[in-house]
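Enquirer: Here you go, one structure.
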Amino acid sequence: MKRLAIFASGSGTNAENIALHFRASQNIAVSIIITNNPEAGVIDRAKKLQIPVVVLSKKEFTEPSNLIAILKEHKIDVIILAGFLLLVPIALIEEYKDKIINIHPALLPLFGGKGFYGANVHKKVIETKSLISGITIHHVNEFFDEGEIIFQAACHIAKDDTPETLAGKIHGLEKMYFPVVIEKFVQQLP
């Protein structure tokens with residue numbers, strides 16, 4: 001059994017979708033959800049799904065010895081960032097080398113980096129009159145959104161799309177592809 005930890009800072013729709021995808025799996029399970037936001041909607045979603053949730057401060061993330069201990073206690077094999085807004089510390093990246101993946105709500109390398117999350121990304125994509133947007137699932141390194149790309153999926157942007165309607169298209173792609181890509185990634189691990 002491979003065990004996943006999901007890191008999330010917001011409402012937790014992706015975390016919930018992933019957890020539901022693996023609920024009946026005999027090979028992969030979401031063992032813990034970790035957040036840096038004590039007000040995050042992901043906390044209620046985790047409780048409803050009966051998944052342990054841990055809230056850690058920003059300082060606890062930047063000094064990750066306690067976090068690493070929690071992950072080891074839960075026998076975590078892979079870390080999934082699903083709307084997680086903090087930079088992952090080097091110590092955690094080294095501890096889980098090539099086993100931390102993130103989803104980004106745009107096609108990298110465009111529209112990535114610090115500050116490019118949620119509505120900020122969609123506004124910028126619309127402002128630049130891009131014809132397509134999409135999702136990027138990638139490995140995590142020490143820089144925001146610069147890890148090796150694992151998977152991308154695109155959608156067309158209509159002339160009348162707004163950041164909100166584009167966000168809806170992107171959420172649809174996330175829901176469709178993120179759990180499947182995670183599953184394929186985890187199945188390839190030794």
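Following the order of the structure tokens, chains are lettered A, B, ..., residues in each are numbered from 1, and ligands are numbered from 1.
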Give the helix (DSSP H, G or I) residues of chain A, as assigned by DSSP on the backbone, as a PyMOL selection string.

Expert: chain A and resi 13-22+41-48+58-62+65-73+90-95+118-127+163-187

Enquirer: Please save C-alpha atoms of the selected residues as a PDB file, in the first residue's frame.

Expert:
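Result file follows (out-v8.pdb):
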```pdb
ATOM      1  CA  THR A  13     -11.833  20.479  -3.738  1.00  0.00           C
ATOM      2  CA  ASN A  14      -8.828  18.779  -5.340  1.00  0.00           C
ATOM      3  CA  ALA A  15      -7.894  17.068  -2.070  1.00  0.00           C
ATOM      4  CA  GLU A  16     -11.449  15.745  -1.744  1.00  0.00           C
ATOM      5  CA  ASN A  17     -11.503  14.573  -5.372  1.00  0.00           C
ATOM      6  CA  ILE A  18      -8.210  12.720  -4.900  1.00  0.00           C
ATOM      7  CA  ALA A  19      -9.340  11.124  -1.646  1.00  0.00           C
ATOM      8  CA  LEU A  20     -12.608   9.958  -3.198  1.00  0.00           C
ATOM      9  CA  HIS A  21     -10.747   8.553  -6.213  1.00  0.00           C
ATOM     10  CA  PHE A  22      -8.570   6.358  -3.980  1.00  0.00           C
ATOM     11  CA  GLY A  41     -12.079  24.523   3.864  1.00  0.00           C
ATOM     12  CA  VAL A  42      -9.942  21.421   3.358  1.00  0.00           C
ATOM     13  CA  ILE A  43     -10.123  20.826   7.131  1.00  0.00           C
ATOM     14  CA  ASP A  44     -13.888  20.214   7.045  1.00  0.00           C
ATOM     15  CA  ARG A  45     -13.561  18.101   3.900  1.00  0.00           C
ATOM     16  CA  ALA A  46     -10.882  15.948   5.567  1.00  0.00           C
ATOM     17  CA  LYS A  47     -13.044  15.456   8.660  1.00  0.00           C
ATOM     18  CA  LYS A  48     -16.044  14.405   6.538  1.00  0.00           C
ATOM     19  CA  LYS A  58       4.237  28.789   8.279  1.00  0.00           C
ATOM     20  CA  LYS A  59       7.198  28.615  10.684  1.00  0.00           C
ATOM     21  CA  GLU A  60       6.646  24.878  11.173  1.00  0.00           C
ATOM     22  CA  PHE A  61       6.822  24.449   7.394  1.00  0.00           C
ATOM     23  CA  THR A  62      10.031  26.449   7.078  1.00  0.00           C
ATOM     24  CA  SER A  65      11.778  18.502  11.167  1.00  0.00           C
ATOM     25  CA  ASN A  66       8.391  18.120  12.907  1.00  0.00           C
ATOM     26  CA  LEU A  67       6.612  17.851   9.552  1.00  0.00           C
ATOM     27  CA  ILE A  68       9.004  15.152   8.367  1.00  0.00           C
ATOM     28  CA  ALA A  69       8.416  13.265  11.621  1.00  0.00           C
ATOM     29  CA  ILE A  70       4.638  13.437  11.064  1.00  0.00           C
ATOM     30  CA  LEU A  71       5.031  12.156   7.491  1.00  0.00           C
ATOM     31  CA  LYS A  72       7.271   9.289   8.674  1.00  0.00           C
ATOM     32  CA  GLU A  73       4.785   8.418  11.434  1.00  0.00           C
ATOM     33  CA  ILE A  90      14.719  22.031   0.697  1.00  0.00           C
ATOM     34  CA  ALA A  91      14.881  19.547   3.586  1.00  0.00           C
ATOM     35  CA  LEU A  92      11.483  18.134   2.635  1.00  0.00           C
ATOM     36  CA  ILE A  93      12.368  18.057  -1.077  1.00  0.00           C
ATOM     37  CA  GLU A  94      15.535  16.115  -0.246  1.00  0.00           C
ATOM     38  CA  GLU A  95      13.687  13.727   2.080  1.00  0.00           C
ATOM     39  CA  GLY A 118      -6.021  30.772  -8.190  1.00  0.00           C
ATOM     40  CA  ALA A 119      -7.774  33.786  -9.709  1.00  0.00           C
ATOM     41  CA  ASN A 120      -4.451  35.626 -10.202  1.00  0.00           C
ATOM     42  CA  VAL A 121      -3.447  33.093 -12.860  1.00  0.00           C
ATOM     43  CA  HIS A 122      -6.764  33.198 -14.707  1.00  0.00           C
ATOM     44  CA  LYS A 123      -6.845  37.022 -14.742  1.00  0.00           C
ATOM     45  CA  LYS A 124      -3.366  37.156 -16.249  1.00  0.00           C
ATOM     46  CA  VAL A 125      -4.192  34.513 -18.871  1.00  0.00           C
ATOM     47  CA  ILE A 126      -7.311  36.482 -19.925  1.00  0.00           C
ATOM     48  CA  GLU A 127      -5.410  39.825 -19.897  1.00  0.00           C
ATOM     49  CA  PRO A 163     -11.416  34.629 -15.025  1.00  0.00           C
ATOM     50  CA  GLU A 164     -14.382  32.908 -13.350  1.00  0.00           C
ATOM     51  CA  THR A 165     -15.500  30.937 -16.411  1.00  0.00           C
ATOM     52  CA  LEU A 166     -11.901  30.005 -17.170  1.00  0.00           C
ATOM     53  CA  ALA A 167     -11.501  28.824 -13.578  1.00  0.00           C
ATOM     54  CA  GLY A 168     -14.490  26.529 -14.137  1.00  0.00           C
ATOM     55  CA  LYS A 169     -12.828  24.991 -17.195  1.00  0.00           C
ATOM     56  CA  ILE A 170      -9.572  24.532 -15.289  1.00  0.00           C
ATOM     57  CA  HIS A 171     -11.362  22.904 -12.332  1.00  0.00           C
ATOM     58  CA  GLY A 172     -12.931  20.470 -14.774  1.00  0.00           C
ATOM     59  CA  LEU A 173      -9.490  19.497 -16.091  1.00  0.00           C
ATOM     60  CA  GLU A 174      -8.120  19.161 -12.549  1.00  0.00           C
ATOM     61  CA  LYS A 175     -10.977  16.906 -11.503  1.00  0.00           C
ATOM     62  CA  MET A 176     -10.643  14.739 -14.599  1.00  0.00           C
ATOM     63  CA  TYR A 177      -6.879  14.319 -14.729  1.00  0.00           C
ATOM     64  CA  PHE A 178      -5.187  14.913 -11.360  1.00  0.00           C
ATOM     65  CA  PRO A 179      -6.221  11.666  -9.596  1.00  0.00           C
ATOM     66  CA  VAL A 180      -5.461   9.587 -12.711  1.00  0.00           C
ATOM     67  CA  VAL A 181      -2.002  11.117 -13.146  1.00  0.00           C
ATOM     68  CA  ILE A 182      -1.269  10.595  -9.438  1.00  0.00           C
ATOM     69  CA  GLU A 183      -2.319   6.968  -9.753  1.00  0.00           C
ATOM     70  CA  LYS A 184      -0.042   6.362 -12.752  1.00  0.00           C
ATOM     71  CA  PHE A 185       2.834   8.148 -11.012  1.00  0.00           C
ATOM     72  CA  VAL A 186       2.473   6.112  -7.809  1.00  0.00           C
ATOM     73  CA  GLN A 187       2.132   2.820  -9.686  1.00  0.00           C
TER      74      GLN A 187
END
```

Enquirer: Go through A:Glu63, A:Pro89, A:Ser25, A:Ala8 and flag the residue nearest Pro38 (chain A), using only C-alpha atoms for the distances.

Expert: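 The closest residue to Pro38 (chain A) is A:Ala8.
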
Enquirer: Which residues come within 9 Å of Lys114 (chain A), counting only C-alpha atoms, excluding same-chain residues fewer than 3 positions away, as JSON, numbers by chain?

Expert: {"A": [85, 87, 117, 143, 144, 145]}

Enquirer: Kindly give the distance, in Å, that separates CA of Leu110 (chain A) and CA of His138 (chain A), rounded to a single decimal.

Expert: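 If I compute the distance from CA of Leu110 (chain A) to CA of His138 (chain A), I get 13.5 Å.
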
Enquirer: Of the candidates A:Gln26, A:Lys75, A:Met1, A:His156, which shows the shortest atom-to-atom distance to Pro190 (chain A), using only C-alpha atoms?

Expert: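 For Pro190 (chain A), the nearest of the candidates is A:Met1.
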
Enquirer: Pick from A:Ile34, A:Lys2, A:Ala153, A:Lys129: nearest to Phe84 (chain A), with only C-alpha atoms counted?

Expert: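 Checking each candidate against Phe84 (chain A), we get A:Ile34 as the closest.
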
Enquirer: Report, in Å with one decimal, the straight-line distance from CA of Asn36 (chain A) to CA of Ile135 (chain A).

Expert: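 Distance reported for this atom pair: 23.2 Å.
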
Enquirer: Residues at most 12 Å from Lys97 (chain A), counting only C-alpha atoms, excluding those fewer than 6 positions away in the same chain, as a list in words?

Expert: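 Residues near the query, excluding close chain neighbours: Asp77, Val78, Ile79, Val88, Pro89, Ile90, Ala91, His139, Val140, Asn141, Glu142 and Gly147 of chain A.
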